[in-house]
$ cat run-v2.pdb   # PDB, C-alpha atoms, pLDDT in the B column
ATOM      1  CA  MET F   1      17.005 -15.180  -2.443  1.00 73.00           C
ATOM      2  CA  GLY F   2      13.958 -16.218  -4.452  1.00 88.00           C
ATOM      3  CA  THR F   3      13.226 -15.531  -8.086  1.00 94.00           C
ATOM      4  CA  GLU F   4       9.409 -15.293  -8.070  1.00 95.00           C
ATOM      5  CA  LEU F   5       9.577 -11.546  -8.748  1.00 98.00           C
ATOM      6  CA  GLN F   6      12.677 -11.557 -10.971  1.00 97.00           C
ATOM      7  CA  GLY F   7      12.319  -8.733 -13.507  1.00 97.00           C
ATOM      8  CA  LYS F   8       9.357  -7.155 -11.690  1.00 98.00           C
ATOM      9  CA  THR F   9       9.329  -3.625 -10.272  1.00 98.00           C
ATOM     10  CA  ILE F  10       6.933  -2.878  -7.422  1.00 98.00           C
ATOM     11  CA  ALA F  11       5.947   0.678  -6.457  1.00 98.00           C
ATOM     12  CA  PHE F  12       5.620   1.625  -2.784  1.00 98.00           C
ATOM     13  CA  LEU F  13       3.566   4.817  -2.445  1.00 98.00           C
ATOM     14  CA  ALA F  14       4.227   6.850   0.701  1.00 98.00           C
ATOM     15  CA  ALA F  15       3.573  10.402   1.866  1.00 98.00           C
ATOM     16  CA  PRO F  16       6.508  12.608   2.907  1.00 98.00           C
ATOM     17  CA  GLU F  17       5.583  11.907   6.563  1.00 96.00           C
ATOM     18  CA  GLY F  18       3.433   9.494   8.522  1.00 96.00           C
ATOM     19  CA  THR F  19       4.188   6.107   6.965  1.00 98.00           C
ATOM     20  CA  GLU F  20       4.235   3.250   9.472  1.00 98.00           C
ATOM     21  CA  GLN F  21       7.857   2.221   8.938  1.00 98.00           C
ATOM     22  CA  VAL F  22       7.471  -1.528   9.465  1.00 98.00           C
ATOM     23  CA  GLU F  23       4.611  -1.571   6.923  1.00 98.00           C
ATOM     24  CA  LEU F  24       7.079  -0.142   4.404  1.00 98.00           C
ATOM     25  CA  THR F  25      10.234  -2.065   5.312  1.00 98.00           C
ATOM     26  CA  GLU F  26       8.797  -5.585   5.739  1.00 98.00           C
ATOM     27  CA  PRO F  27       7.004  -5.734   2.349  1.00 98.00           C
ATOM     28  CA  TRP F  28      10.028  -3.995   0.765  1.00 98.00           C
ATOM     29  CA  SER F  29      12.299  -6.756   2.082  1.00 98.00           C
ATOM     30  CA  ALA F  30       9.851  -9.428   0.933  1.00 98.00           C
ATOM     31  CA  VAL F  31       9.895  -8.021  -2.614  1.00 98.00           C
ATOM     32  CA  GLN F  32      13.695  -7.919  -2.602  1.00 98.00           C
ATOM     33  CA  GLN F  33      13.990 -11.448  -1.178  1.00 98.00           C
ATOM     34  CA  ALA F  34      11.710 -12.681  -3.979  1.00 98.00           C
ATOM     35  CA  GLY F  35      14.058 -11.132  -6.570  1.00 98.00           C
ATOM     36  CA  GLY F  36      11.948  -8.040  -7.320  1.00 98.00           C
ATOM     37  CA  THR F  37      12.877  -4.375  -7.409  1.00 98.00           C
ATOM     38  CA  PRO F  38      11.017  -2.111  -4.977  1.00 98.00           C
ATOM     39  CA  ARG F  39      10.850   1.618  -5.754  1.00 98.00           C
ATOM     40  CA  LEU F  40       9.707   4.336  -3.355  1.00 98.00           C
ATOM     41  CA  VAL F  41       7.201   6.752  -4.888  1.00 98.00           C
ATOM     42  CA  SER F  42       6.033   9.889  -3.073  1.00 98.00           C
ATOM     43  CA  THR F  43       4.381  13.227  -3.729  1.00 98.00           C
ATOM     44  CA  GLN F  44       7.709  15.045  -3.586  1.00 97.00           C
ATOM     45  CA  SER F  45      11.340  14.166  -4.192  1.00 98.00           C
ATOM     46  CA  GLY F  46      13.959  13.856  -1.464  1.00 98.00           C
ATOM     47  CA  ARG F  47      13.273  11.664   1.540  1.00 98.00           C
ATOM     48  CA  ILE F  48      10.259  10.505   3.506  1.00 98.00           C
ATOM     49  CA  GLN F  49      10.064  10.283   7.292  1.00 97.00           C
ATOM     50  CA  GLY F  50       9.059   6.870   8.592  1.00 97.00           C
ATOM     51  CA  PHE F  51       7.207   6.516  11.883  1.00 97.00           C
ATOM     52  CA  ASP F  52       7.001   3.890  14.597  1.00 96.00           C
ATOM     53  CA  HIS F  53       3.360   4.536  15.454  1.00 91.00           C
ATOM     54  CA  LEU F  54       3.541   8.215  16.560  1.00 91.00           C
ATOM     55  CA  ASP F  55       7.322   8.449  16.993  1.00 95.00           C
ATOM     56  CA  LYS F  56       9.672   9.526  14.222  1.00 96.00           C
ATOM     57  CA  ALA F  57      11.832   6.677  12.957  1.00 97.00           C
ATOM     58  CA  ASP F  58      14.115   6.481   9.890  1.00 97.00           C
ATOM     59  CA  HIS F  59      14.296   8.450   6.644  1.00 98.00           C
ATOM     60  CA  PHE F  60      14.007   6.775   3.238  1.00 98.00           C
ATOM     61  CA  ASP F  61      15.152   8.104  -0.135  1.00 98.00           C
ATOM     62  CA  VAL F  62      12.416   8.668  -2.705  1.00 98.00           C
ATOM     63  CA  ASP F  63      13.077   7.052  -6.100  1.00 98.00           C
ATOM     64  CA  THR F  64      10.425   8.934  -8.067  1.00 98.00           C
ATOM     65  CA  THR F  65       7.272  11.011  -7.630  1.00 98.00           C
ATOM     66  CA  VAL F  66       3.650  10.736  -8.706  1.00 98.00           C
ATOM     67  CA  GLU F  67       4.303  13.853 -10.801  1.00 96.00           C
ATOM     68  CA  VAL F  68       6.596  11.987 -13.209  1.00 96.00           C
ATOM     69  CA  SER F  69       5.603   8.317 -12.831  1.00 96.00           C
ATOM     70  CA  ASP F  70       2.556   6.212 -13.593  1.00 93.00           C
ATOM     71  CA  GLN F  71       1.470   2.599 -13.233  1.00 95.00           C
ATOM     72  CA  GLY F  72       2.984   1.746 -16.611  1.00 96.00           C
ATOM     73  CA  GLU F  73       6.457   1.675 -15.034  1.00 97.00           C
ATOM     74  CA  PHE F  74       5.481  -0.894 -12.408  1.00 98.00           C
ATOM     75  CA  ASP F  75       4.167  -4.439 -12.093  1.00 98.00           C
ATOM     76  CA  GLY F  76       2.352  -3.866  -8.799  1.00 98.00           C
ATOM     77  CA  LEU F  77       1.734  -1.420  -5.955  1.00 98.00           C
ATOM     78  CA  VAL F  78       2.146  -1.596  -2.180  1.00 98.00           C
ATOM     79  CA  LEU F  79       0.306   0.914  -0.004  1.00 98.00           C
ATOM     80  CA  PRO F  80       1.792   0.987   3.512  1.00 98.00           C
ATOM     81  CA  GLY F  81      -0.310   2.313   6.354  1.00 97.00           C
ATOM     82  CA  GLY F  82       0.173   4.668   9.229  1.00 95.00           C
ATOM     83  CA  VAL F  83      -2.694   7.018  10.052  1.00 95.00           C
ATOM     84  CA  ALA F  84      -1.172  10.206   8.595  1.00 96.00           C
ATOM     85  CA  ASN F  85       0.231   8.604   5.415  1.00 97.00           C
ATOM     86  CA  PRO F  86      -3.004   7.659   3.595  1.00 97.00           C
ATOM     87  CA  ASP F  87      -4.833  10.613   5.122  1.00 97.00           C
ATOM     88  CA  PHE F  88      -2.367  12.920   3.355  1.00 98.00           C
ATOM     89  CA  LEU F  89      -2.260  10.884   0.123  1.00 98.00           C
ATOM     90  CA  ARG F  90      -6.040  10.934  -0.284  1.00 98.00           C
ATOM     91  CA  THR F  91      -5.910  14.751  -0.447  1.00 98.00           C
ATOM     92  CA  GLN F  92      -3.380  14.689  -3.304  1.00 98.00           C
ATOM     93  CA  PRO F  93      -5.098  14.275  -6.701  1.00 98.00           C
ATOM     94  CA  LYS F  94      -1.958  12.946  -8.419  1.00 98.00           C
ATOM     95  CA  ALA F  95      -1.445  10.329  -5.704  1.00 98.00           C
ATOM     96  CA  VAL F  96      -5.090   9.253  -5.940  1.00 98.00           C
ATOM     97  CA  ALA F  97      -4.795   9.048  -9.754  1.00 98.00           C
ATOM     98  CA  PHE F  98      -1.584   7.013  -9.381  1.00 98.00           C
ATOM     99  CA  VAL F  99      -3.420   4.459  -7.218  1.00 98.00           C
ATOM    100  CA  LYS F 100      -6.485   4.379  -9.487  1.00 98.00           C
ATOM    101  CA  GLY F 101      -4.208   3.765 -12.471  1.00 98.00           C
ATOM    102  CA  PHE F 102      -3.166   0.369 -11.091  1.00 98.00           C
ATOM    103  CA  PHE F 103      -6.800  -0.730 -10.788  1.00 98.00           C
ATOM    104  CA  ASP F 104      -7.652   0.613 -14.256  1.00 98.00           C
ATOM    105  CA  ALA F 105      -4.660  -1.266 -15.732  1.00 98.00           C
ATOM    106  CA  GLY F 106      -5.576  -4.503 -13.925  1.00 98.00           C
ATOM    107  CA  LYS F 107      -2.326  -4.537 -11.933  1.00 98.00           C
ATOM    108  CA  PRO F 108      -2.132  -6.037  -8.425  1.00 98.00           C
ATOM    109  CA  VAL F 109      -2.286  -3.827  -5.340  1.00 98.00           C
ATOM    110  CA  ALA F 110      -1.467  -4.681  -1.707  1.00 98.00           C
ATOM    111  CA  ALA F 111      -2.641  -2.339   1.087  1.00 98.00           C
ATOM    112  CA  ILE F 112      -2.289  -2.635   4.847  1.00 98.00           C
ATOM    113  CA  CYS F 113      -3.728  -0.951   7.934  1.00 98.00           C
ATOM    114  CA  HIS F 114      -5.043   2.573   7.156  1.00 98.00           C
ATOM    115  CA  ALA F 115      -3.897   2.480   3.490  1.00 98.00           C
ATOM    116  CA  PRO F 116      -7.391   1.733   2.124  1.00 98.00           C
ATOM    117  CA  TRP F 117      -8.316   5.381   2.787  1.00 98.00           C
ATOM    118  CA  THR F 118      -6.428   6.287  -0.390  1.00 98.00           C
ATOM    119  CA  MET F 119      -8.254   3.544  -2.282  1.00 98.00           C
ATOM    120  CA  ILE F 120     -11.606   4.864  -1.026  1.00 98.00           C
ATOM    121  CA  GLU F 121     -10.733   8.284  -2.458  1.00 98.00           C
ATOM    122  CA  ALA F 122      -9.808   6.607  -5.767  1.00 98.00           C
ATOM    123  CA  ASP F 123     -13.268   4.931  -5.759  1.00 98.00           C
ATOM    124  CA  VAL F 124     -11.804   1.454  -6.306  1.00 98.00           C
ATOM    125  CA  VAL F 125     -13.162  -0.534  -3.332  1.00 98.00           C
ATOM    126  CA  ARG F 126     -16.827  -0.803  -4.369  1.00 98.00           C
ATOM    127  CA  GLY F 127     -17.776  -4.487  -4.541  1.00 98.00           C
ATOM    128  CA  ARG F 128     -14.382  -5.618  -3.234  1.00 98.00           C
ATOM    129  CA  ARG F 129     -13.817  -7.896  -0.208  1.00 98.00           C
ATOM    130  CA  VAL F 130     -11.244  -6.185   2.026  1.00 98.00           C
ATOM    131  CA  THR F 131      -9.857  -5.846   5.509  1.00 98.00           C
ATOM    132  CA  SER F 132      -8.071  -2.964   7.237  1.00 98.00           C
ATOM    133  CA  TRP F 133      -7.376  -1.401  10.593  1.00 98.00           C
ATOM    134  CA  PRO F 134     -10.770  -1.796  12.350  1.00 97.00           C
ATOM    135  CA  SER F 135     -11.514   1.940  12.514  1.00 97.00           C
ATOM    136  CA  LEU F 136     -11.791   2.063   8.698  1.00 98.00           C
ATOM    137  CA  GLN F 137     -14.543  -0.550   8.452  1.00 97.00           C
ATOM    138  CA  THR F 138     -17.396   1.989   8.336  1.00 98.00           C
ATOM    139  CA  ASP F 139     -15.574   4.113   5.744  1.00 98.00           C
ATOM    140  CA  LEU F 140     -14.952   1.031   3.591  1.00 98.00           C
ATOM    141  CA  ARG F 141     -18.522  -0.221   3.919  1.00 98.00           C
ATOM    142  CA  ASN F 142     -19.857   3.244   3.069  1.00 98.00           C
ATOM    143  CA  ALA F 143     -17.636   3.178  -0.048  1.00 98.00           C
ATOM    144  CA  GLY F 144     -19.258  -0.115  -1.096  1.00 98.00           C
ATOM    145  CA  ALA F 145     -16.646  -2.618   0.110  1.00 98.00           C
ATOM    146  CA  ASP F 146     -17.368  -5.889   1.891  1.00 98.00           C
ATOM    147  CA  TRP F 147     -15.219  -5.393   5.028  1.00 98.00           C
ATOM    148  CA  VAL F 148     -14.148  -8.473   7.027  1.00 98.00           C
ATOM    149  CA  ASP F 149     -11.947  -8.893  10.097  1.00 98.00           C
ATOM    150  CA  GLU F 150      -9.287 -11.305   8.791  1.00 98.00           C
ATOM    151  CA  GLU F 151      -5.478 -11.421   8.856  1.00 98.00           C
ATOM    152  CA  VAL F 152      -5.179 -11.122   5.085  1.00 98.00           C
ATOM    153  CA  VAL F 153      -7.750 -10.971   2.301  1.00 98.00           C
ATOM    154  CA  THR F 154      -7.013 -11.603  -1.363  1.00 98.00           C
ATOM    155  CA  CYS F 155      -9.841 -10.353  -3.585  1.00 98.00           C
ATOM    156  CA  GLU F 156      -9.924 -11.258  -7.263  1.00 97.00           C
ATOM    157  CA  GLY F 157     -13.472  -9.968  -7.750  1.00 94.00           C
ATOM    158  CA  GLY F 158     -12.598  -6.821  -9.664  1.00 95.00           C
ATOM    159  CA  PRO F 159     -10.384  -5.424 -12.405  1.00 97.00           C
ATOM    160  CA  ASN F 160      -7.230  -6.507 -10.527  1.00 98.00           C
ATOM    161  CA  THR F 161      -6.141  -8.633  -7.592  1.00 98.00           C
ATOM    162  CA  LEU F 162      -6.233  -6.785  -4.281  1.00 98.00           C
ATOM    163  CA  VAL F 163      -4.474  -7.927  -1.094  1.00 98.00           C
ATOM    164  CA  THR F 164      -5.362  -6.252   2.218  1.00 98.00           C
ATOM    165  CA  SER F 165      -4.323  -6.760   5.842  1.00 98.00           C
ATOM    166  CA  ARG F 166      -5.235  -5.172   9.174  1.00 98.00           C
ATOM    167  CA  LYS F 167      -2.064  -4.272  11.067  1.00 97.00           C
ATOM    168  CA  PRO F 168       1.662  -4.860  11.631  1.00 97.00           C
ATOM    169  CA  ASP F 169       0.936  -8.163  13.396  1.00 97.00           C
ATOM    170  CA  ASP F 170      -0.376  -9.437  10.034  1.00 98.00           C
ATOM    171  CA  LEU F 171       2.772  -8.548   8.078  1.00 98.00           C
ATOM    172  CA  LYS F 172       4.053 -12.101   7.585  1.00 98.00           C
ATOM    173  CA  ALA F 173       0.788 -13.217   5.950  1.00 98.00           C
ATOM    174  CA  PHE F 174       0.468  -9.902   4.083  1.00 98.00           C
ATOM    175  CA  CYS F 175       3.972 -10.150   2.608  1.00 98.00           C
ATOM    176  CA  GLN F 176       3.482 -13.762   1.542  1.00 98.00           C
ATOM    177  CA  ALA F 177       0.165 -12.982  -0.147  1.00 98.00           C
ATOM    178  CA  ALA F 178       1.537  -9.865  -1.849  1.00 98.00           C
ATOM    179  CA  VAL F 179       4.569 -11.673  -3.279  1.00 98.00           C
ATOM    180  CA  ARG F 180       2.349 -14.521  -4.506  1.00 98.00           C
ATOM    181  CA  VAL F 181      -0.007 -12.059  -6.227  1.00 98.00           C
ATOM    182  CA  PHE F 182       2.803  -9.930  -7.686  1.00 98.00           C
ATOM    183  CA  ALA F 183       4.419 -13.092  -9.085  1.00 97.00           C
ATOM    184  CA  GLY F 184       1.217 -13.696 -11.039  1.00 91.00           C
TER     185      GLY F 184
END

$ encode --input "run-v2.pdb" --output "structure tokens"
Amino acid sequence: MGTELQGKTIAFLAAPEGTEQVELTEPWSAVQQAGGTPRLVSTQSGRIQGFDHLDKADHFDVDTTVEVSDQGEFDGLVLPGGVANPDFLRTQPKAVAFVKGFFDAGKPVAAICHAPWTMIEADVVRGRRVTSWPSLQTDLRNAGADWVDEEVVTCEGGPNTLVTSRKPDDLKAFCQAAVRVFAG
């Protein structure tokens, strides 16, 4: 077990349903293996339902909600994908404010696959170099981002450091970049 993230707590924001499970569990494990403490944040308490693409997978216990938490409790934020997850989160004002708070505070954020939809709603991608699942490229460009088709993109050209990746096949590179950025 590494110590790069010793003493650091990383928030993982997920909707009650629709999170691509591997995009939650792989970065979660990477944070733990680097000595950090991952915490699952959602819009409601209880458990979330993970998905393997469109099929229901495992349940995960929620540690806290956007109602009672803010970026001040955390050293960084991971936004897993899944189509339904960020689509739901971007309709929840407290979830959008939670995400925006990390950018406003200059704290690192890592987002994969469809997760940038929530960042678009928070109006935090303008002028940022990002990648995502290909179907989001027009949405990101329309929101002012510089979208590129790369395995992982680390953008320091804003109020915080932002790591983005396209899909589950990019998880190894995504996790490595996220841990490096969270370590500071």

$ resolve_selection --input "run-v2.pdb" --expression "the PyMOL selection byres ((chain F and resi 178) around 9)" --output "count of residues only"
21

$ resolve_selection --input "run-v2.pdb" --expression "the PyMOL selection byres ((chain F and resi 4) around 7)" --output "number ranges by chain"
F: 2-3, 5-6, 34-35, 183

$ closest_residue --input "run-v2.pdb" --among "F:Asp70, F:Asp58, F:Glu17, F:Asp149" --to "Leu89 in chain F" --atoms "all atoms listed in the file"
F:Glu17

$ resolve_selection --input "run-v2.pdb" --expression "the PyMOL selection byres ((chain F and resi 126-132) around 12)" --output "ChimeraX atom specification"
/F:79-83,103,109-117,119-125,133-168,170,174

$ closest_residue --input "run-v2.pdb" --among "F:Pro16, F:Ala57, F:Gly184, F:Leu40" --to "Gly106 in chain F" --atoms "only C-alpha atoms"
F:Gly184

$ residues_around --input "run-v2.pdb" --residues "Val22 in chain F" --least-positions-apart "2" --cutoff "9 Å" --atoms "all atoms listed in the file" --output "PyMOL selection string"
chain F and resi 19-20+24-27+50-52+80+168+171

$ closest_residue --input "run-v2.pdb" --among "F:Leu54, F:Ala105, F:Ala97, F:Ile48" --to "Gly72 in chain F" --atoms "only C-alpha atoms"
F:Ala105

$ atom_distance --input "run-v2.pdb" --atom1 "CA of Gln71 in chain F" --atom2 "CA of Val96 in chain F"
11.9 Å

$ closest_residue --input "run-v2.pdb" --among "F:Asp169, F:Glu23, F:Asp75, F:Asp63" --to "Thr43 in chain F" --atoms "all atoms listed in the file"
F:Asp63

$ atom_distance --input "run-v2.pdb" --atom1 "CA of Asp104 in chain F" --atom2 "CA of Gln32 in chain F"
25.8 Å

$ axis_aligned_box --input "run-v2.pdb" --around "range 16-26 of chain F" --padding-each-side "3 Å" --output "JSON"
{"center_x": 6.8, "center_y": 3.5, "center_z": 6.2, "size_x": 12.8, "size_y": 24.2, "size_z": 12.6}

$ closest_residue --input "run-v2.pdb" --among "F:Thr9, F:Ala84, F:Val66, F:Thr118" --to "Phe98 in chain F" --atoms "all atoms listed in the file"
F:Val66

$ atom_distance --input "run-v2.pdb" --atom1 "CA of Ala15 in chain F" --atom2 "CA of His59 in chain F"
11.9 Å

$ decode --input "run-v2.pdb" --residues "range 73-87 of chain F" --atoms "N, CA and C atoms" --output "mmCIF file, in the first residue's frame"
data_model
loop_
_atom_site.group_PDB
_atom_site.id
_atom_site.type_symbol
_atom_site.label_atom_id
_atom_site.label_comp_id
_atom_site.auth_asym_id
_atom_site.auth_seq_id
_atom_site.Cartn_x
_atom_site.Cartn_y
_atom_site.Cartn_z
ATOM 1 N N GLU F 73 -14.768 19.368 3.337
ATOM 2 C CA GLU F 73 -14.475 18.112 4.034
ATOM 3 C C GLU F 73 -13.527 17.216 3.248
ATOM 4 N N PHE F 74 -13.229 17.578 2.005
ATOM 5 C CA PHE F 74 -12.523 16.678 1.106
ATOM 6 C C PHE F 74 -11.317 17.347 0.463
ATOM 7 N N ASP F 75 -10.376 16.512 0.027
ATOM 8 C CA ASP F 75 -9.172 16.993 -0.644
ATOM 9 C C ASP F 75 -9.265 16.886 -2.157
ATOM 10 N N GLY F 76 -10.275 16.198 -2.658
ATOM 11 C CA GLY F 76 -10.465 16.027 -4.089
ATOM 12 C C GLY F 76 -11.793 15.352 -4.360
ATOM 13 N N LEU F 77 -12.162 15.285 -5.643
ATOM 14 C CA LEU F 77 -13.451 14.739 -6.060
ATOM 15 C C LEU F 77 -13.274 13.843 -7.271
ATOM 16 N N VAL F 78 -13.918 12.664 -7.227
ATOM 17 C CA VAL F 78 -14.007 11.783 -8.385
ATOM 18 C C VAL F 78 -15.463 11.753 -8.835
ATOM 19 N N LEU F 79 -15.661 11.922 -10.141
ATOM 20 C CA LEU F 79 -16.978 11.831 -10.751
ATOM 21 C C LEU F 79 -16.995 10.624 -11.680
ATOM 22 N N PRO F 80 -17.560 9.491 -11.217
ATOM 23 C CA PRO F 80 -17.680 8.328 -12.096
ATOM 24 C C PRO F 80 -18.731 8.597 -13.168
ATOM 25 N N GLY F 81 -18.675 7.802 -14.225
ATOM 26 C CA GLY F 81 -19.634 7.964 -15.306
ATOM 27 C C GLY F 81 -20.811 7.024 -15.215
ATOM 28 N N GLY F 82 -21.209 6.545 -16.376
ATOM 29 C CA GLY F 82 -22.487 5.868 -16.534
ATOM 30 C C GLY F 82 -23.420 6.913 -17.113
ATOM 31 N N VAL F 83 -24.226 6.572 -18.065
ATOM 32 C CA VAL F 83 -25.078 7.571 -18.727
ATOM 33 C C VAL F 83 -26.078 8.190 -17.748
ATOM 34 N N ALA F 84 -26.771 7.375 -16.980
ATOM 35 C CA ALA F 84 -27.844 7.870 -16.107
ATOM 36 C C ALA F 84 -27.313 8.648 -14.904
ATOM 37 N N ASN F 85 -26.137 8.302 -14.405
ATOM 38 C CA ASN F 85 -25.584 8.932 -13.207
ATOM 39 C C ASN F 85 -25.429 10.449 -13.365
ATOM 40 N N PRO F 86 -24.585 10.936 -14.294
ATOM 41 C CA PRO F 86 -24.441 12.384 -14.412
ATOM 42 C C PRO F 86 -25.683 13.066 -14.973
ATOM 43 N N ASP F 87 -26.486 12.331 -15.737
ATOM 44 C CA ASP F 87 -27.716 12.929 -16.250
ATOM 45 C C ASP F 87 -28.652 13.264 -15.093
#
